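Okay, model28.txt now, which holds compact mmCIF, C-alpha atoms:
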```txt
# COMPACT_ATOMS: atom_id res chain seq x y z
CA MET K 1 -41.08 -57.94 33.92
CA GLU K 2 -39.88 -61.54 34.09
CA ASP K 3 -41.69 -61.99 37.42
CA THR K 4 -44.86 -60.52 35.88
CA LEU K 5 -44.67 -62.87 32.89
CA ARG K 6 -44.14 -65.86 35.18
CA ALA K 7 -47.24 -64.82 37.18
CA ILE K 8 -49.29 -64.43 33.98
CA LYS K 9 -48.31 -67.95 32.92
CA ALA K 10 -48.93 -69.40 36.38
CA ALA K 11 -52.41 -67.83 36.48
CA GLY K 12 -53.35 -69.89 33.42
CA PHE K 13 -53.07 -67.43 30.55
CA GLU K 14 -51.75 -68.57 27.18
CA ASN K 15 -51.44 -65.19 25.42
CA VAL K 16 -49.87 -61.87 26.32
CA MET K 17 -49.55 -58.35 24.98
CA LEU K 18 -46.20 -56.69 25.65
CA SER K 19 -45.52 -52.98 26.02
CA GLY K 20 -42.62 -50.80 24.99
CA LYS K 21 -43.03 -49.07 28.37
CA SER K 22 -42.04 -52.24 30.24
CA GLY K 23 -38.35 -52.27 29.45
CA ASP K 24 -36.50 -54.09 26.70
CA LEU K 25 -39.22 -55.29 24.29
CA GLU K 26 -36.98 -57.80 22.54
CA LYS K 27 -35.72 -59.29 25.80
CA ASN K 28 -39.23 -59.55 27.22
CA ALA K 29 -40.49 -61.19 24.02
CA MET K 30 -37.77 -63.84 24.22
CA PHE K 31 -38.62 -64.58 27.85
CA ALA K 32 -42.37 -64.75 27.16
CA ARG K 33 -41.77 -67.32 24.42
CA LYS K 34 -39.47 -69.29 26.72
CA LEU K 35 -42.44 -69.60 29.10
CA GLY K 36 -44.66 -70.78 26.26
CA LEU K 37 -46.73 -67.61 26.01
CA TYR K 38 -47.97 -66.50 22.59
CA ILE K 39 -47.38 -62.79 21.98
CA THR K 40 -50.51 -61.41 20.34
CA SER K 41 -49.29 -57.82 20.04
CA ALA K 42 -47.05 -55.12 21.43
CA HIS K 43 -48.24 -51.71 22.58
CA ILE K 44 -45.71 -49.26 21.17
CA PHE K 45 -45.05 -45.56 21.15
CA ASN K 46 -47.46 -44.46 23.87
CA THR K 47 -45.37 -42.82 26.57
CA LYS K 48 -45.34 -39.08 25.84
CA SER K 49 -48.23 -36.98 24.57
CA GLU K 50 -45.97 -34.54 22.75
CA ILE K 51 -44.55 -37.40 20.68
CA LEU K 52 -48.00 -38.65 19.71
CA ASN K 53 -49.22 -35.22 18.65
CA SER K 54 -46.05 -34.77 16.59
CA LEU K 55 -47.39 -37.29 14.07
CA TRP K 56 -49.64 -34.47 12.86
CA ALA K 57 -46.98 -31.74 12.93
CA ILE K 58 -44.56 -30.50 10.27
CA GLY K 59 -40.81 -30.32 10.85
CA GLU K 60 -38.13 -32.10 12.84
CA GLU K 61 -40.43 -33.22 15.64
CA ASN K 62 -42.57 -35.04 13.06
CA LYS K 63 -39.55 -36.84 11.61
CA TRP K 64 -38.49 -37.88 15.10
CA ALA K 65 -41.98 -39.22 15.90
CA ILE K 66 -42.02 -41.34 12.73
CA GLU K 67 -38.54 -42.65 13.47
CA ALA K 68 -39.53 -43.62 17.02
CA ALA K 69 -42.52 -45.62 15.78
CA VAL K 70 -40.54 -47.24 12.97
CA ASN K 71 -37.82 -48.40 15.36
CA GLU K 72 -40.33 -50.17 17.63
CA ILE K 73 -42.09 -51.79 14.67
CA LYS K 74 -38.75 -53.15 13.51
CA ILE K 75 -38.35 -54.80 16.90
CA CYS K 76 -41.84 -56.30 16.55
CA GLY K 77 -40.83 -57.69 13.17
CA LYS K 78 -37.60 -59.13 14.53
CA CYS K 79 -39.53 -60.79 17.36
CA ASN K 80 -42.36 -62.08 15.11
CA ILE K 81 -44.97 -60.01 16.96
CA PRO K 82 -47.84 -59.77 14.46
CA ILE K 83 -49.57 -56.58 15.63
CA ALA K 84 -48.24 -53.23 16.88
CA VAL K 85 -50.84 -51.21 18.77
CA MET K 86 -50.35 -47.44 18.69
CA HIS K 87 -52.07 -44.30 19.92
CA VAL K 88 -52.13 -41.57 17.29
CA THR K 89 -52.81 -38.59 19.57
CA ASP K 90 -52.97 -37.57 23.15
CA GLY K 91 -56.18 -35.59 23.05
CA SER K 92 -56.79 -35.29 26.78
CA SER K 93 -57.70 -32.07 28.52
CA VAL K 94 -54.03 -31.83 29.53
CA ALA K 95 -52.57 -31.93 26.01
CA LYS K 96 -54.94 -30.98 23.19
CA ALA K 97 -54.42 -32.96 20.03
CA LEU K 98 -53.72 -31.25 16.74
CA GLY K 99 -56.54 -31.52 14.24
CA PRO K 100 -56.58 -34.29 11.61
CA ASN K 101 -54.51 -33.31 8.58
CA LYS K 102 -52.66 -34.68 5.56
CA GLN K 103 -49.39 -34.67 7.47
CA GLY K 104 -50.83 -37.24 9.87
CA VAL K 105 -51.81 -39.46 6.96
CA ALA K 106 -48.34 -39.08 5.43
CA SER K 107 -46.76 -39.94 8.80
CA VAL K 108 -48.75 -43.13 9.21
CA GLU K 109 -48.18 -44.11 5.57
CA LYS K 110 -44.45 -43.77 6.18
CA ILE K 111 -44.70 -45.96 9.27
CA LEU K 112 -46.72 -48.50 7.28
CA GLU K 113 -43.88 -48.88 4.78
CA THR K 114 -41.81 -50.40 7.57
CA ALA K 115 -44.78 -52.35 8.96
CA GLU K 116 -45.37 -54.04 5.60
CA ALA K 117 -41.67 -54.82 5.17
CA CYS K 118 -41.63 -56.38 8.66
CA ASN K 119 -45.00 -58.17 8.20
CA VAL K 120 -46.44 -56.33 11.22
CA ARG K 121 -49.98 -54.96 11.17
CA LEU K 122 -50.48 -51.53 12.75
CA ALA K 123 -53.56 -51.18 14.98
CA ILE K 124 -54.50 -47.61 15.91
CA GLU K 125 -56.38 -47.41 19.20
CA ASN K 126 -59.36 -45.29 20.15
CA THR K 127 -58.37 -43.39 23.28
CA ASP K 128 -60.30 -40.40 24.62
CA GLY K 129 -63.33 -38.83 22.98
CA LEU K 130 -61.34 -36.05 21.41
CA ASN K 131 -59.37 -38.38 19.16
CA GLU K 132 -62.17 -40.21 17.37
CA LYS K 133 -61.94 -37.77 14.44
CA HIS K 134 -58.24 -38.68 14.05
CA ILE K 135 -59.06 -42.40 14.01
CA PHE K 136 -61.80 -41.84 11.42
CA TYR K 137 -59.54 -39.66 9.29
CA LEU K 138 -56.74 -42.21 9.14
CA LEU K 139 -58.93 -45.26 8.52
CA ASP K 140 -60.96 -43.41 5.88
CA ASN K 141 -57.90 -42.12 4.02
CA ILE K 142 -55.54 -45.10 4.25
CA LYS K 143 -56.82 -48.30 2.65
CA SER K 144 -54.04 -50.66 3.65
CA ASP K 145 -54.40 -54.26 4.80
CA PHE K 146 -51.66 -53.45 7.31
CA LEU K 147 -53.67 -50.68 9.05
CA GLY K 148 -56.56 -51.56 11.32
CA LEU K 149 -58.43 -50.59 14.46
CA CYS K 150 -57.53 -51.60 17.99
CA TYR K 151 -60.93 -51.37 19.66
CA ASP K 152 -60.67 -50.42 23.34
CA CYS K 153 -64.04 -50.99 24.99
CA GLY K 154 -63.10 -49.17 28.21
CA HIS K 155 -62.12 -46.00 26.37
CA ASN K 156 -65.20 -46.16 24.16
CA GLN K 157 -67.61 -46.57 27.07
CA LEU K 158 -65.91 -43.93 29.23
CA TYR K 159 -65.26 -41.15 26.75
CA ASN K 160 -67.73 -41.45 23.86
CA PRO K 161 -70.27 -44.27 24.35
CA GLU K 162 -72.42 -42.86 21.56
CA THR K 163 -69.74 -43.74 18.97
CA ASP K 164 -70.04 -47.22 17.49
CA TYR K 165 -66.51 -47.91 16.23
CA LEU K 166 -67.23 -51.54 15.51
CA LYS K 167 -70.28 -50.82 13.39
CA LYS K 168 -68.36 -48.23 11.37
CA TYR K 169 -65.15 -50.23 10.99
CA TRP K 170 -66.30 -53.80 11.55
CA ASP K 171 -63.95 -55.07 8.85
CA ARG K 172 -60.90 -53.18 10.13
CA CYS K 173 -60.83 -54.41 13.75
CA ILE K 174 -57.66 -56.44 14.38
CA SER K 175 -57.24 -56.12 18.16
CA VAL K 176 -59.57 -55.72 21.16
CA HIS K 177 -58.74 -54.33 24.61
CA ILE K 178 -61.01 -55.23 27.52
CA HIS K 179 -61.23 -53.38 30.86
CA ASP K 180 -63.85 -51.72 33.04
CA ASN K 181 -64.53 -48.29 34.55
CA PHE K 182 -67.39 -46.26 36.03
CA LYS K 183 -68.30 -44.34 32.85
CA ASP K 184 -68.08 -41.07 34.80
CA TRP K 185 -65.87 -38.89 32.60
CA LYS K 186 -67.01 -35.56 31.14
CA LEU K 187 -65.22 -33.13 28.85
CA GLY K 188 -62.66 -31.24 30.90
CA MET K 189 -61.94 -34.04 33.36
CA ASP K 190 -58.47 -35.60 33.24
CA TRP K 191 -57.59 -39.18 32.31
CA THR K 192 -57.44 -40.57 35.87
CA ARG K 193 -60.98 -41.99 35.54
CA ASP K 194 -59.64 -44.41 32.93
CA LEU K 195 -59.20 -47.00 35.69
CA HIS K 196 -58.62 -50.19 33.66
CA LEU K 197 -60.49 -52.28 36.24
CA LEU K 198 -61.14 -55.99 36.09
CA PRO K 199 -64.29 -56.70 34.05
CA PHE K 200 -67.50 -56.56 36.15
CA ASP K 201 -65.95 -54.24 38.76
CA GLY K 202 -67.29 -51.13 37.00
CA LYS K 203 -70.38 -50.18 35.02
CA ILE K 204 -69.68 -51.36 31.48
CA ASP K 205 -72.32 -53.63 29.93
CA PHE K 206 -70.09 -56.42 28.65
CA GLU K 207 -72.96 -58.38 27.14
CA LYS K 208 -73.58 -55.38 24.86
CA VAL K 209 -69.87 -54.88 24.18
CA LEU K 210 -69.28 -58.51 23.28
CA GLY K 211 -72.37 -58.50 21.09
CA SER K 212 -70.85 -55.65 19.09
CA VAL K 213 -67.51 -57.49 18.85
CA ALA K 214 -69.27 -60.63 17.64
CA ALA K 215 -71.24 -58.64 15.05
CA ALA K 216 -67.93 -57.29 13.74
CA LYS K 217 -66.83 -60.91 13.17
CA TYR K 218 -63.66 -60.37 15.19
CA LYS K 219 -61.75 -63.65 15.46
CA GLY K 220 -58.73 -62.62 17.52
CA VAL K 221 -57.81 -62.68 21.19
CA PHE K 222 -59.34 -60.44 23.87
CA ILE K 223 -56.53 -58.52 25.55
CA PHE K 224 -57.14 -57.68 29.20
CA GLU K 225 -55.44 -54.28 29.49
CA LEU K 226 -55.64 -54.01 33.27
CA HIS K 227 -54.09 -51.85 35.99
CA LYS K 228 -53.64 -53.56 39.34
CA ASP K 229 -52.45 -50.25 40.76
CA THR K 230 -54.99 -47.74 39.53
CA ILE K 231 -54.47 -43.99 39.31
CA GLY K 232 -55.56 -41.93 42.33
CA ASP K 233 -57.08 -42.89 45.66
CA PHE K 234 -59.31 -45.71 44.43
CA GLN K 235 -57.19 -48.84 44.94
CA PRO K 236 -59.51 -51.89 45.00
CA TYR K 237 -56.72 -54.43 44.43
CA LYS K 238 -54.01 -53.12 46.73
CA ASP K 239 -54.23 -56.07 49.15
CA MET K 240 -53.97 -58.71 46.42
CA THR K 241 -50.74 -60.35 45.41
CA ALA K 242 -49.91 -60.23 41.70
CA PHE K 243 -50.83 -63.91 41.39
CA GLU K 244 -54.17 -63.47 43.20
CA TYR K 245 -55.01 -60.54 40.97
CA LEU K 246 -54.14 -62.42 37.80
CA ARG K 247 -56.08 -65.50 38.89
CA GLN K 248 -59.08 -63.24 39.41
CA ALA K 249 -58.51 -61.84 35.91
CA LYS K 250 -58.54 -65.39 34.53
CA ILE K 251 -61.83 -66.09 36.30
CA ARG K 252 -63.32 -62.92 34.81
CA GLY K 253 -62.11 -64.00 31.40
CA GLU K 254 -63.90 -67.32 31.75
CA LYS K 255 -67.06 -65.46 32.77
CA LEU K 256 -66.75 -63.24 29.69
CA SER K 257 -66.37 -66.28 27.44
CA GLN K 258 -69.66 -67.60 28.84
CA THR K 259 -71.24 -64.21 28.11
CA CYS K 260 -70.17 -64.60 24.46
```

What is this structure when it is put down as structure tokens?
Amino acid sequence: MEDTLRAIKAAGFENVMLSGKSGDLEKNAMFARKLGLYITSAHIFNTKSEILNSLWAIGEENKWAIEAAVNEIKICGKCNIPIAVMHVTDGSSVAKALGPNKQGVASVEKILETAEACNVRLAIENTDGLNEKHIFYLLDNIKSDFLGLCYDCGHNQLYNPETDYLKKYWDRCISVHIHDNFKDWKLGMDWTRDLHLLPFDGKIDFEKVLGSVAAAKYKGVFIFELHKDTIGDFQPYKDMTAFEYLRQAKIRGEKLSQTC
């Protein structure tokens, strides 16, 4: 992770999102700051579908899911990371999400108690098309300044392009993820089409996406949530070094800023 952070800095980026999947979050945060990178957010609690779905369950597994999220938010607070991004279901064709229910609201409200105490805002992310009802349910039933939307344009355009999250929750958007794909997913297909390509390497209309973001009056940073090594046989970046890939990402970012 230290090598990755050095490459991000060398490629000309000033901001970074960290992930709980990438090792010791606290250690990585300290190293990022040592390099002079500003940490916009941390992506927490997104490694196992059964944990995510447990937010909506009743019993010991639910308590464990809440505890896992709370522990990572405490680390964010300790490291002065202002936003914790979290999935609230895994609703893929592999692991069907439980339906929205009051237990899910109670779970997130419990997590928010820690988020408020730590001065960390919780951003729930739109993932596949089956989880939009969970996002709506939570945002409609929890009116907290510490709960907002992490808008992921790649997921929106791939799974449910007819849903306008930013029009519905324009005042709740606190984080934006940018990546590209071929918009070729249909119900029943697995998640491997969620390629997280560099912008302009897929079929997403970024002029339209950025117009929606601008209309929502979003003032934060665009997070490039990219996968150099994509899932499956399609590997367009396999011959690039990490630095070459990140420099190309920086160039795409500059192109996006001109699109704005």

For this session: Report the distance between CA of Asn28 (chain K) and CA of Ser41 (chain K) in Å, rounded to one decimal place.
Result: 12.5 Å

Problem set entry | Contact residues around region 141-156 of chain K with only C-alpha atoms at 6 Å, ignoring same-chain residues under 6 positions, as a ChimeraX atom specification | /K:121-125,127,172-180

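Considering only C-alpha atoms, the residue among K:Pro82, K:Gly77, K:Gly12, K:Gly59 positioned nearest to Glu26 (chain K) is K:Gly77.
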
Problem set entry | Nearest candidate to Met1 (chain K) (options K:Tyr237, K:Trp191, K:Phe31, K:Phe136; using only C-alpha atoms) | K:Phe31

Problem set entry | Distance query Cys76 (chain K) at most 12 Å, only C-alpha atoms, self and fewer than 2 positions along chain excluded, as an MDAnalysis selection string | chainID K and resid 17:20 24:30 39:44 69:74 78:85 114:122

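Going from CA of Tyr137 (chain K) to CA of Thr163 (chain K) covers 14.6 Å.
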
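We find CA of Lys219 (chain K) and CA of Ala249 (chain K) to be spaced 20.8 Å apart.
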
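Nearest residue to Asp205 (chain K) among K:Pro100, K:Pro161, K:Gly188, K:Gly232 is K:Pro161, counting only C-alpha atoms.
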
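Checking K:Met240, K:Ile75, K:Ala215, K:Val108 one by one against Lys63 (chain K), counting only C-alpha atoms, you find the shortest gap at K:Val108.
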
Please define a box with edges along x, y and z of the file around all atoms of region 53-58 of chain K given in the file, extend it by 5 Å on each side, and return its centre and edge lengths in Å to one decimal, as JSON.
```
{"center_x": -47.1, "center_y": -33.9, "center_z": 14.5, "size_x": 15.1, "size_y": 16.8, "size_z": 18.4}
```
